[in-house]
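Colleague: Pasting final_13.csv here (CSV, C-alpha atoms):
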chain,number,residue,atom,x,y,z
W,165,MET,CA,20.4,1.1,5.9
W,166,ARG,CA,20.3,-2.2,7.6
W,167,LEU,CA,17.5,-4.0,5.6
W,168,ALA,CA,15.9,-7.4,6.1
W,169,ILE,CA,14.0,-8.9,3.2
W,170,LEU,CA,11.4,-11.5,4.4
W,171,GLY,CA,8.7,-13.6,3.0
W,172,THR,CA,10.3,-15.2,-0.2
W,173,ARG,CA,12.0,-18.5,-0.6
W,174,GLY,CA,15.2,-16.6,-0.7
W,175,ILE,CA,18.3,-16.2,-2.8
W,176,PRO,CA,19.9,-17.3,-5.0
W,177,ALA,CA,16.6,-17.2,-6.9
W,178,ARG,CA,15.5,-20.8,-7.5
W,179,TYR,CA,11.7,-20.6,-7.6
W,180,GLY,CA,9.6,-17.8,-9.0
W,181,GLY,CA,9.1,-14.1,-9.4
W,182,PHE,CA,9.4,-13.0,-5.7
W,183,GLU,CA,12.8,-14.7,-5.5
W,184,THR,CA,14.1,-13.0,-8.7
W,185,PHE,CA,12.8,-9.7,-7.2
W,186,ALA,CA,14.6,-10.4,-3.9
W,187,GLU,CA,17.9,-11.2,-5.6
W,188,GLU,CA,17.9,-8.3,-8.1
W,189,LEU,CA,16.8,-5.7,-5.5
W,190,ALA,CA,19.2,-7.0,-2.8
W,191,ALA,CA,22.1,-7.0,-5.1
W,192,ARG,CA,21.6,-3.4,-6.2
W,193,LEU,CA,20.9,-2.1,-2.7
W,194,ALA,CA,24.1,-3.8,-1.5
W,195,THR,CA,26.0,-2.2,-4.3
W,196,ALA,CA,24.6,1.1,-3.1
W,197,GLY,CA,26.2,0.6,0.3
W,198,HIS,CA,23.3,-0.8,2.3
W,199,GLN,CA,23.5,-3.9,4.5
W,200,VAL,CA,21.0,-6.3,3.1
W,201,THR,CA,20.0,-9.7,4.6
W,202,VAL,CA,17.6,-12.0,2.6
W,203,TYR,CA,15.9,-14.7,4.7
W,204,THR,CA,16.0,-18.0,2.8
W,205,ARG,CA,14.3,-21.3,3.3
W,206,ASN,CA,16.6,-24.2,4.1
W,207,HIS,CA,15.3,-26.5,1.4
W,208,THR,CA,15.6,-23.9,-1.4
W,209,ALA,CA,19.0,-22.5,-0.3
W,210,VAL,CA,22.2,-23.3,-2.1
W,211,ARG,CA,24.5,-25.2,0.2
W,212,GLY,CA,27.4,-23.1,1.5
W,213,VAL,CA,26.2,-19.8,0.1
W,214,ARG,CA,26.2,-17.2,2.9
W,215,VAL,CA,26.6,-14.1,0.8
W,216,HIS,CA,25.1,-13.8,-2.7
W,217,ARG,CA,25.8,-10.7,-4.9
W,218,GLY,CA,26.7,-8.7,-1.9
W,219,ALA,CA,23.6,-9.6,0.2
W,220,ALA,CA,23.8,-11.8,3.3
W,221,VAL,CA,21.8,-15.1,3.1
W,222,ARG,CA,20.1,-16.1,6.4
W,223,ARG,CA,18.8,-19.7,6.3
W,224,LEU,CA,15.9,-20.9,8.4
W,225,PRO,CA,13.6,-23.9,8.2
W,226,ALA,CA,10.0,-24.0,7.1
W,227,LEU,CA,7.1,-26.5,7.5
W,228,ARG,CA,6.8,-28.3,4.1
W,229,PHE,CA,3.1,-28.1,3.7
W,230,LYS,CA,1.3,-26.0,1.1
W,231,ALA,CA,-0.8,-23.9,3.5
W,232,LEU,CA,2.0,-23.5,6.1
W,233,GLU,CA,5.3,-23.2,4.4
W,234,THR,CA,5.3,-19.4,3.8
W,235,LEU,CA,3.8,-18.4,7.1
W,236,SER,CA,6.0,-20.8,9.2
W,237,HIS,CA,9.2,-19.6,7.6
W,238,THR,CA,8.2,-15.9,7.8
W,239,ALA,CA,7.3,-16.3,11.5
W,240,LEU,CA,10.7,-17.7,12.3
W,241,SER,CA,12.3,-14.9,10.3
W,242,CYS,CA,10.3,-12.3,12.3
W,243,LEU,CA,11.6,-13.8,15.5
W,244,ASP,CA,15.1,-13.8,14.2
W,245,VAL,CA,14.9,-10.2,12.9
W,246,SER,CA,13.6,-9.1,16.3
W,247,ARG,CA,16.8,-10.3,17.9
W,248,ALA,CA,19.1,-8.6,15.3
W,249,SER,CA,19.9,-5.0,14.5
W,250,PHE,CA,17.9,-3.8,11.5
W,251,ASP,CA,16.5,-0.4,10.6
W,252,VAL,CA,13.7,-1.5,8.3
W,253,VAL,CA,12.0,-4.6,6.9
W,254,LEU,CA,10.7,-5.4,3.4
W,255,LEU,CA,8.1,-8.0,3.8
W,256,CYS,CA,6.9,-9.9,0.7
W,257,ASN,CA,3.5,-11.5,0.2
W,258,ALA,CA,0.2,-10.3,1.7
W,259,ALA,CA,-0.2,-13.8,3.3
W,260,ASN,CA,2.4,-12.7,5.9
W,261,ALA,CA,0.4,-9.7,7.0
W,262,PRO,CA,-0.8,-11.3,10.3
W,263,LEU,CA,2.9,-11.2,11.4
W,264,LEU,CA,3.3,-7.5,11.1
W,265,PRO,CA,2.7,-6.9,14.8
W,266,MET,CA,5.7,-9.0,15.7
W,267,LEU,CA,7.9,-6.6,13.8
W,268,HIS,CA,6.2,-3.5,15.0
W,269,ALA,CA,6.6,-4.7,18.6
W,270,ARG,CA,10.4,-4.4,18.1
W,271,GLY,CA,10.0,-0.9,16.6
W,272,LEU,CA,10.7,-1.9,13.0
W,273,PRO,CA,9.0,-0.1,10.2
W,274,VAL,CA,7.7,-2.4,7.5
W,275,ALA,CA,7.1,-2.0,3.8
W,276,LEU,CA,4.8,-4.8,2.5
W,277,ASN,CA,4.9,-5.9,-1.1
W,278,VAL,CA,1.5,-7.6,-1.5
W,279,ASP,CA,2.1,-9.2,-4.9
W,280,GLY,CA,-1.0,-10.1,-6.8
W,281,LEU,CA,-4.4,-11.3,-5.6
W,282,GLU,CA,-3.3,-14.7,-4.3
W,283,ARG,CA,-6.9,-15.7,-3.3
W,284,LYS,CA,-7.7,-16.0,-7.0
W,285,ARG,CA,-5.4,-18.9,-7.5
W,286,ARG,CA,-7.3,-22.1,-8.2
W,287,LYS,CA,-5.2,-24.2,-5.9
W,288,TRP,CA,-6.9,-22.6,-2.8
W,289,GLY,CA,-10.2,-23.8,-1.4
W,290,PRO,CA,-12.8,-21.6,0.4
W,291,LEU,CA,-10.7,-21.5,3.6
W,292,GLY,CA,-7.5,-20.5,1.7
W,293,ARG,CA,-9.3,-17.8,-0.3
W,294,GLY,CA,-10.9,-16.4,2.9
W,295,TYR,CA,-7.6,-16.3,4.6
W,296,TYR,CA,-6.0,-14.4,1.7
W,297,ARG,CA,-8.8,-11.9,1.6
W,298,ALA,CA,-8.5,-11.2,5.3
W,299,CYS,CA,-4.8,-10.7,4.8
W,300,GLU,CA,-5.5,-8.1,2.1
W,301,GLY,CA,-7.3,-6.1,4.8
W,302,LEU,CA,-4.6,-6.6,7.4
W,303,SER,CA,-2.0,-5.5,4.8
W,304,ALA,CA,-3.9,-2.3,4.1
W,305,ARG,CA,-4.4,-1.5,7.8
W,306,TRP,CA,-1.1,-2.5,9.4
W,307,ALA,CA,1.8,-2.0,6.9
W,308,ASP,CA,3.8,1.2,7.3
W,309,ALA,CA,4.0,1.3,3.5
W,310,LEU,CA,2.1,-0.7,1.0
W,311,VAL,CA,3.8,-1.7,-2.3
W,312,THR,CA,1.9,-2.9,-5.4
W,313,ASP,CA,3.6,-4.1,-8.6
W,314,ALA,CA,1.0,-3.0,-11.1
W,315,ARG,CA,-1.5,-0.2,-11.6
W,316,VAL,CA,-4.3,-2.7,-11.7
W,317,ILE,CA,-3.4,-4.0,-8.2
W,318,GLN,CA,-2.9,-0.5,-7.0
W,319,ARG,CA,-6.4,0.4,-8.1
W,320,TYR,CA,-7.8,-2.7,-6.4
W,321,TYR,CA,-6.3,-1.8,-3.0
W,322,ARG,CA,-7.5,1.8,-3.3
W,323,ARG,CA,-11.0,0.7,-4.2
W,324,ALA,CA,-11.5,-2.3,-2.0
W,325,TRP,CA,-9.5,-1.3,1.1
W,326,LYS,CA,-9.2,2.5,0.8
W,327,ARG,CA,-5.4,2.3,1.0
W,328,GLU,CA,-3.0,4.1,-1.2
W,329,SER,CA,0.2,2.2,-2.2
W,330,ALA,CA,3.5,2.8,-3.9
W,331,MET,CA,3.4,1.2,-7.4
W,332,ILE,CA,6.8,-0.2,-8.1
W,333,PRO,CA,7.0,-2.9,-10.8
W,334,TYR,CA,9.7,-5.5,-11.5
W,335,GLY,CA,12.6,-5.2,-13.8
W,336,GLY,CA,13.2,-7.0,-17.1
W,337,ASP,CA,16.6,-5.9,-18.3
W,338,LEU,CA,18.7,-9.0,-17.6
W,339,PRO,CA,22.3,-9.2,-18.8
W,340,VAL,CA,22.9,-11.0,-22.1
W,341,PRO,CA,24.1,-14.5,-21.3
W,342,GLU,CA,27.3,-16.1,-22.5
W,343,GLY,CA,27.4,-19.4,-24.2
W,344,ASP,CA,24.6,-21.8,-25.2
W,345,ASP,CA,25.3,-24.9,-23.1
W,346,ALA,CA,21.6,-24.9,-21.8
W,347,LEU,CA,20.4,-25.1,-25.4
W,348,ARG,CA,22.9,-27.9,-26.3
W,349,ARG,CA,21.8,-30.0,-23.3
W,350,LEU,CA,18.2,-29.9,-24.6
W,351,GLY,CA,19.1,-30.4,-28.2
W,352,LEU,CA,17.9,-26.9,-29.3
W,353,ASN,CA,19.1,-24.5,-31.9
W,354,ASP,CA,19.3,-20.7,-31.7
W,355,GLY,CA,16.0,-19.0,-32.6
W,356,ALA,CA,14.3,-22.3,-33.4
W,357,TYR,CA,12.0,-23.0,-30.4
W,358,ILE,CA,9.1,-21.4,-28.5
W,359,LEU,CA,9.6,-20.8,-24.8
W,360,TYR,CA,7.2,-21.0,-21.9
W,361,VAL,CA,8.4,-20.3,-18.3
W,362,SER,CA,6.2,-20.5,-15.2
W,363,ARG,CA,5.4,-22.6,-12.2
W,364,PHE,CA,3.2,-25.4,-13.3
W,365,GLU,CA,0.1,-24.3,-11.4
W,366,PRO,CA,-3.5,-24.2,-12.7
W,367,GLU,CA,-3.8,-20.5,-13.2
W,368,ASN,CA,-0.6,-20.5,-15.3
W,369,ASN,CA,-2.2,-22.9,-17.8
W,370,PRO,CA,0.8,-25.1,-18.8
W,371,ASP,CA,-1.6,-27.8,-19.9
W,372,MET,CA,-3.7,-25.4,-22.0
W,373,VAL,CA,-0.5,-24.2,-23.8
W,374,ILE,CA,0.6,-27.7,-24.7
W,375,ALA,CA,-2.9,-28.6,-25.9
W,376,ALA,CA,-3.1,-25.5,-28.0
W,377,TYR,CA,0.3,-26.1,-29.5
W,378,ARG,CA,-1.1,-29.2,-31.3
W,379,GLY,CA,-2.8,-26.8,-33.7
W,380,VAL,CA,0.4,-25.1,-34.6
W,381,PRO,CA,1.9,-26.6,-37.8
W,382,GLY,CA,5.6,-27.3,-38.3
W,383,SER,CA,8.3,-29.0,-36.3
W,384,THR,CA,9.4,-26.0,-34.0
W,385,PRO,CA,9.9,-27.3,-30.4
W,386,LEU,CA,7.9,-25.9,-27.5
W,387,VAL,CA,10.2,-25.7,-24.5
W,388,MET,CA,8.3,-25.8,-21.1
W,389,VAL,CA,10.5,-24.5,-18.2
W,390,GLY,CA,9.0,-24.9,-14.8
W,391,GLY,CA,7.6,-27.1,-12.1
W,392,ALA,CA,5.8,-26.8,-8.7
W,393,PRO,CA,6.1,-28.5,-5.4
W,394,TYR,CA,2.4,-28.8,-4.7
W,395,ALA,CA,0.8,-29.5,-8.1
W,396,ALA,CA,1.3,-33.3,-8.6
W,397,THR,CA,-2.0,-33.8,-10.4
W,398,LEU,CA,-1.4,-30.9,-12.9
W,399,ILE,CA,2.2,-32.1,-13.5
W,400,ARG,CA,0.9,-35.6,-14.4
W,401,ARG,CA,-1.5,-34.0,-16.9
W,402,VAL,CA,1.3,-31.9,-18.4
W,403,ARG,CA,3.5,-34.9,-18.8
W,404,ALA,CA,0.7,-36.9,-20.4
W,405,LEU,CA,0.0,-34.2,-22.9
W,406,ALA,CA,3.7,-33.8,-23.7
W,407,ARG,CA,4.0,-37.5,-24.5
W,408,GLU,CA,1.3,-37.0,-27.2
W,409,ASP,CA,3.4,-34.3,-29.1
W,410,PRO,CA,7.1,-35.0,-29.7
W,411,ARG,CA,7.8,-31.3,-30.2
W,412,VAL,CA,7.2,-30.6,-26.5
W,413,VAL,CA,10.3,-30.4,-24.4
W,414,LEU,CA,9.8,-30.5,-20.6
W,415,ALA,CA,13.0,-28.9,-19.4
W,416,GLY,CA,12.1,-28.7,-15.6
W,417,PRO,CA,13.0,-25.7,-13.5
W,418,ILE,CA,16.1,-23.9,-14.9
W,419,TYR,CA,17.6,-20.8,-13.2
W,420,GLY,CA,20.4,-18.3,-13.6
W,421,GLU,CA,22.6,-18.4,-16.7
W,422,GLY,CA,20.8,-21.4,-18.2
W,423,TYR,CA,17.5,-19.6,-18.0
W,424,ARG,CA,18.8,-16.5,-19.6
W,425,GLN,CA,20.4,-18.5,-22.4
W,426,LEU,CA,17.0,-20.2,-23.2
W,427,LEU,CA,15.3,-16.8,-23.0
W,428,PHE,CA,17.6,-14.8,-25.2
W,429,HIS,CA,17.9,-17.6,-27.9
W,430,ALA,CA,14.1,-18.3,-28.1
W,431,ARG,CA,12.1,-17.4,-31.2
W,432,ALA,CA,9.1,-16.4,-29.1
W,433,TYR,CA,7.7,-16.5,-25.6
W,434,ILE,CA,4.3,-17.6,-24.3
W,435,HIS,CA,2.8,-16.1,-21.2
W,436,ALA,CA,-0.4,-17.7,-20.1
W,437,THR,CA,-0.8,-16.5,-16.5
W,438,GLU,CA,-4.2,-15.4,-15.2
W,439,VAL,CA,-3.4,-14.1,-11.7
W,440,GLY,CA,-1.0,-11.4,-10.5
W,441,GLY,CA,0.4,-8.1,-11.4
W,442,THR,CA,3.7,-7.6,-13.2
W,443,HIS,CA,5.2,-11.0,-13.8
W,444,PRO,CA,9.1,-11.0,-13.9
W,445,ALA,CA,9.3,-13.7,-16.6
W,446,LEU,CA,7.1,-11.7,-18.9
W,447,VAL,CA,9.1,-8.5,-18.6
W,448,GLU,CA,12.3,-10.5,-18.8
W,449,ALA,CA,11.2,-12.0,-22.1
W,450,MET,CA,10.3,-8.5,-23.4
W,451,GLY,CA,13.7,-7.2,-22.2
W,452,ALA,CA,15.4,-10.0,-24.1
W,453,GLY,CA,13.7,-8.7,-27.3
W,454,ARG,CA,11.4,-11.7,-27.8
W,455,VAL,CA,8.0,-11.4,-29.3
W,456,VAL,CA,5.6,-12.3,-26.5
W,457,PHE,CA,2.2,-14.0,-26.8
W,458,PHE,CA,0.3,-13.2,-23.7
W,459,LEU,CA,-3.0,-14.2,-22.1
W,460,ASP,CA,-5.2,-11.1,-22.5
W,461,ASN,CA,-6.1,-9.7,-19.1
W,462,LEU,CA,-5.7,-6.3,-17.4
W,463,ALA,CA,-2.4,-7.0,-15.7
W,464,ASN,CA,-0.7,-8.6,-18.7
W,465,ARG,CA,-1.9,-5.9,-21.1
W,466,GLU,CA,-0.7,-3.2,-18.7
W,467,VAL,CA,2.8,-4.6,-19.0
W,468,VAL,CA,2.9,-5.5,-22.7
W,469,GLY,CA,0.8,-2.7,-24.1
W,470,ASP,CA,1.0,-2.9,-27.9
W,471,ALA,CA,4.4,-4.6,-27.9
W,472,GLY,CA,3.0,-8.2,-28.0
W,473,VAL,CA,0.3,-10.5,-29.2
W,474,PRO,CA,-2.7,-11.2,-27.0
W,475,PHE,CA,-4.7,-14.4,-27.0
W,476,SER,CA,-7.7,-15.7,-25.1
W,477,ILE,CA,-8.4,-19.1,-23.5
W,478,ALA,CA,-12.0,-19.1,-24.8
W,479,GLY,CA,-11.0,-17.3,-28.0
W,480,PRO,CA,-10.9,-15.7,-30.4
W,481,PRO,CA,-8.1,-15.2,-30.9
W,482,ARG,CA,-6.8,-18.5,-29.7
W,483,LEU,CA,-3.2,-19.2,-28.9
W,484,GLU,CA,-2.7,-21.6,-31.8
W,485,GLU,CA,-4.2,-19.1,-34.2
W,486,VAL,CA,-1.9,-16.2,-33.3
W,487,LEU,CA,1.2,-18.4,-33.1
W,488,THR,CA,0.5,-19.8,-36.6
W,489,GLU,CA,0.0,-16.3,-38.0
W,490,TYR,CA,3.0,-14.5,-36.4
W,491,LEU,CA,5.5,-17.4,-36.7
W,492,GLY,CA,4.8,-17.3,-40.4
W,493,ASP,CA,5.7,-13.6,-40.6
W,494,PRO,CA,9.2,-13.3,-39.2
W,495,LYS,CA,9.6,-9.6,-40.0
W,496,ARG,CA,6.4,-8.7,-38.1
W,497,ALA,CA,7.5,-10.8,-35.1
W,498,GLU,CA,10.9,-9.1,-35.1
W,499,CYS,CA,9.3,-5.6,-35.0
W,500,LEU,CA,7.3,-6.6,-32.0
W,501,GLY,CA,10.4,-8.0,-30.2
W,502,THR,CA,12.2,-4.7,-30.7
W,503,ALA,CA,9.1,-2.8,-29.4
W,504,ALA,CA,9.0,-5.0,-26.4
W,505,ARG,CA,12.6,-4.3,-25.5
W,506,VAL,CA,12.1,-0.5,-25.9
W,507,ARG,CA,9.1,-0.7,-23.6
W,508,VAL,CA,11.1,-2.5,-20.9
W,509,MET,CA,14.0,0.0,-21.1
W,510,ALA,CA,11.4,2.8,-20.7
W,511,HIS,CA,9.4,1.3,-17.8
W,512,TYR,CA,10.9,-1.8,-16.3
W,513,ARG,CA,14.6,-1.3,-15.5
W,514,TRP,CA,15.9,-3.0,-12.4
W,515,ASP,CA,18.0,0.1,-11.5
W,516,ASP,CA,14.9,2.2,-11.5
W,517,VAL,CA,13.1,-0.4,-9.4
W,518,ALA,CA,15.9,-0.5,-6.9
W,519,ALA,CA,16.0,3.4,-6.7
W,520,ALA,CA,12.3,3.5,-6.0
W,521,TYR,CA,12.6,1.0,-3.2
W,522,GLU,CA,15.6,2.8,-1.8
W,523,ARG,CA,13.7,6.0,-1.6
W,524,LEU,CA,10.7,4.3,0.0
W,525,LEU,CA,12.7,2.4,2.6
W,526,GLU,CA,15.0,5.3,3.5
W,527,GLY,CA,11.9,7.4,4.0
W,528,LEU,CA,10.5,4.8,6.4
W,529,CYS,CA,13.8,4.9,8.4
W,530,SER,CA,13.7,8.7,8.6
W,531,ALA,CA,10.1,8.9,9.6
W,532,ASN,CA,10.1,5.9,12.0
W,533,PRO,CA,8.4,7.0,15.2
W,534,ARG,CA,9.5,3.8,17.0
W,535,ALA,CA,13.2,4.4,16.6
Could you write out this structure as structure tokens?

Modeller:
Amino acid sequence: MRLAILGTRGIPARYGGFETFAEELAARLATAGHQVTVYTRNHTAVRGVRVHRGAAVRRLPALRFKALETLSHTALSCLDVSRASFDVVLLCNAANAPLLPMLHARGLPVALNVDGLERKRRKWGPLGRGYYRACEGLSARWADALVTDARVIQRYYRRAWKRESAMIPYGGDLPVPEGDDALRRLGLNDGAYILYVSRFEPENNPDMVIAAYRGVPGSTPLVMVGGAPYAATLIRRVRALAREDPRVVLAGPIYGEGYRQLLFHARAYIHATEVGGTHPALVEAMGAGRVVFFLDNLANREVVGDAGVPFSIAGPPRLEEVLTEYLGDPKRAECLGTAARVRVMAHYRWDDVAAAYERLLEGLCSANPRA
């Protein structure tokens, strides 16, 4: 297969879940003998990297505006793909659905990973929310294959748009890191800090997590890993809250080996995301055997099941209450961490994810009426 992956910020992964997905999937498909090209935005690319883990890296520019960055880069990618020799395209993000006709005009079958319900993110106004809802409909009508990453999203597309989809989640079985230099740079000790990893956007609640942590007794650090290019107001609030609690460590965005070190050496992990399906950082924390405290909603509960501790923003139970209870009972927390890893190995392995995508994409190639 000659496969193009479009619609993410690209690889090496340096932003969020879609980028981790693109990297892990591309690497495994390349190892399986397929020719994989991942389209990458100039400003997020690593200089000089043209091949990463066996996949080609194709760099193109993007307009650096919140409402236009994704669509502008994907439009250029579609034009570039149309001039190259590919058999199939994996398009990420329902926001790119209006560009599907560009790929179909060149006879290319397209699998579209719609991600979560982006219109529910608080950063979008009425126009943005309307656009994303329209894109859901276009995704359902135009994609050759629709991919959802959680049962709750799969059910939504079936109910709202009468379209079946292939449910393929993300993986969480990351390799165990070597060394601990990321911990030493931040002045942390093994198993002696709580970790939060997410983009600092309103629906991921980084400010709520810091505010709740005030109610947790003790001196255990809370390490906040993340950032966001279009959330200056929220980031200022996060920094202000962090200044009020000396236990809070704002580590900024950390990727690759450093991220894995922080994950595998953490005492516990907090996941406070409201929107989306299967979140890579959540399943990665589970795969690392951490006890996870997760915001209780349908998507997060689908992933965690009984292998973690739910909390509510409105409460009860509030985050500070469950953290205080479980951190005071190490044996109970350890049992949950073990259960989380077992759940990931049963349902969220990257090799299984890649095999499912391989079957789907090869099926599109075989059935392509445009070839």

Colleague: May I have the residues within 9 Å of Ala239 in chain W as a PyMOL selection string, using only C-alpha atoms and disregarding those fewer than 6 positions away in the same chain?

Modeller: chain W and resi 260+263+266

Colleague: Tell me which protein, DNA and RNA residues are within 9 Å of His511 in chain W, counting all atoms listed in the file, leaving out same-chain ones fewer than 4 positions away, and put them as a PyMOL selection string.

Modeller: chain W and resi 333+335+467+506-507+516

Colleague: Show which residues sit within 12 Å of Pro339 in chain W, as an MDAnalysis selection string. Count only C-alpha atoms, and ignore same-chain residues fewer than 6 positions away.

Modeller: chainID W and resid 188 420:421 423:425 427:428 448:449 451:452 513:514

Colleague: Write a file of the selected residues as a PDB file, keeping the file's coordinate frame, keeping C-alpha atoms.

Modeller:
ATOM      1  CA  GLU W 188      17.900  -8.300  -8.100  1.00  0.00           C
ATOM      2  CA  GLY W 420      20.400 -18.300 -13.600  1.00  0.00           C
ATOM      3  CA  GLU W 421      22.600 -18.400 -16.700  1.00  0.00           C
ATOM      4  CA  TYR W 423      17.500 -19.600 -18.000  1.00  0.00           C
ATOM      5  CA  ARG W 424      18.800 -16.500 -19.600  1.00  0.00           C
ATOM      6  CA  GLN W 425      20.400 -18.500 -22.400  1.00  0.00           C
ATOM      7  CA  LEU W 427      15.300 -16.800 -23.000  1.00  0.00           C
ATOM      8  CA  PHE W 428      17.600 -14.800 -25.200  1.00  0.00           C
ATOM      9  CA  GLU W 448      12.300 -10.500 -18.800  1.00  0.00           C
ATOM     10  CA  ALA W 449      11.200 -12.000 -22.100  1.00  0.00           C
ATOM     11  CA  GLY W 451      13.700  -7.200 -22.200  1.00  0.00           C
ATOM     12  CA  ALA W 452      15.400 -10.000 -24.100  1.00  0.00           C
ATOM     13  CA  ARG W 513      14.600  -1.300 -15.500  1.00  0.00           C
ATOM     14  CA  TRP W 514      15.900  -3.000 -12.400  1.00  0.00           C
TER      15      TRP W 514
END

Colleague: For a quick check of understanding, using all atoms listed in the file, which of W:Gly501, W:Glu365, W:Gly416, W:Ile477 has the smallest distance to Arg178 in chain W?

Modeller: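 Under the stated criterion, the closest residue is W:Gly416.
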
Colleague: Can you tell me how far CA of Val200 in chain W sits from CA of Asn257 in chain W, in Å to one decimal?

Modeller: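 These atoms are spaced 18.5 Å apart.
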
Colleague: Work out how far apart CA of Leu254 in chain W and CA of Glu367 in chain W are and give it in Å to one decimal.

Modeller: 26.7 Å
